[in-house]
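Trainee: Below is one structure. I have some questions about it.
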Amino acid sequence: MNTKLSVNVNKIALLRNSRGGNVPNVIQFAKDCERYGADGITVHPRPDERHITRDDVYALKEVVTTEFNIEGYPSEDFIRMVLDVKPTQCTLVPDAPDQLTSDHGWDTLKHEDFLRDVIRELQKNGIRVSLFIDPIRALLEGALKTETDRIEFYTGPYAHDYSLNREEAVKSFALAAQWCDELQLGVNAGHDLSLQNLRYFREQLPNLMEVSIGHALVNDCLYLGLQNVVSMYKRELGTL
Ligand code: PXP
């Protein structure tokens, strides 16, 4: 299976917001990601709009030609926006409003009824749904009951443990991905995936449909571009 790369552009919005104005331009960045081969664009608008704003979500919908994925906690406000924008996919996360970043998946057993209702509403509007989840059998069976199309594994623990023992780190995810095949749940993954740990994860999960990556990818843009950019500035100063 070819695994799709969806680029999460939250960090670009964070940098823009730190200065006011429109540099870097989130919309242009998303368009260029697509131009360079990204298979999708992901945003995770938070209630305080500290990075992606509601306006960004609407503006991106106009330009994204690949898969548009909106992540978030299914508050009434969030669901209203998603139904209005109609992205390709909506990834539901159990985050508190002020959470720094997602750090756990859904308790699909406890929230089964709530999730089923939300998922039905989204699917009725032609939106594919994915549930952010930890690789635990009972939670996957719970996810199946919500009638979600896919799950997204929270890969933070994998990324954290990768350098200690990658075979151990991937074990629960590889097994859970096999269960997903049995349960006919599509498999996405995200959080702290990077150039260091991505290939091995993909090799161990042959049914991995999509990864969404933001933090490490933007960090790599900075570092891999650094030498070139410092030289360009020195050239402008006539000192190179
Ligand atoms: N998936 C979800 C649900 C997330 O909240 C995030 C972070 O916004 C990601 C994937 C991407 O994680 P990272 O920025 O570490 O690549």
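Each chain in the structure tokens gets a letter, A, B, ..., in the order shown, and its residues are numbered from 1; ligands are numbered from 1 in order too.
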Extract, using only C-alpha atoms, all DNA, RNA and protein residues at most 12 Å from Met1 (chain A), discarding same-chain residues fewer than 4 positions from it, and format them as a list of chain:residue names.
Mentor: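 In the requested form, the answer reads A:Gly186, A:Val187, A:Arg202, A:Glu203, A:Leu205, A:Pro206, A:Asn207, A:Leu208, A:Met209, A:Glu210.
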Trainee: For the alpha helix (DSSP H) assignment from backbone DSSP, which residues of region 147-219 of chain A qualify? Please present them as number ranges by chain.
Mentor: A: 156-161, 166-183, 198-204, 215-219
Trainee: At a cut-off of 7 Å around ligand 1, and using only C-alpha atoms and all ligand atoms, what residues come up? Please write them as a list in words.
Mentor: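 Those residues are Asn8, Asn10, His44, Glu71, Thr91, Val93, Thr101, Ser102, Phe132, Tyr154, Ala189, Gly190, His191, Asp192, Leu193, Ser212, Ile213, Gly214, His215 and Ala216 of chain A.
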Trainee: Work out how far CA of Ala38 (chain A) is from CA of His104 (chain A), in Å to one decimal.
Mentor: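 Taking CA of His104 (chain A) as the start and CA of Ala38 (chain A) as the end point, the length is 25.9 Å.
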Trainee: Check the smallest atom-to-atom distance from each of A:Thr239, A:Asp32, A:Asn17, A:Asp48 to Leu100 (chain A) using only C-alpha atoms, then report the winner.
Mentor: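 For Leu100 (chain A), the nearest of the candidates is A:Asp48.
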Trainee: In Å to one decimal, how far is CA of Asp134 (chain A) from CA of Arg166 (chain A)?
Mentor: 17.4 Å
Trainee: Would you give me, as a ChimeraX atom specification, the residues in chain A that DSSP reads as strand (DSSP E)?
Mentor: /A:4-8,40-43,67-72,89-92,128-133,150-154,186-190,208-213
Trainee: Restricting the calculation to only C-alpha atoms, which member of A:Thr155, A:Gln123, A:Thr65, A:Asn2 is positioned closest to Ala169 (chain A)?
Mentor: A:Thr155
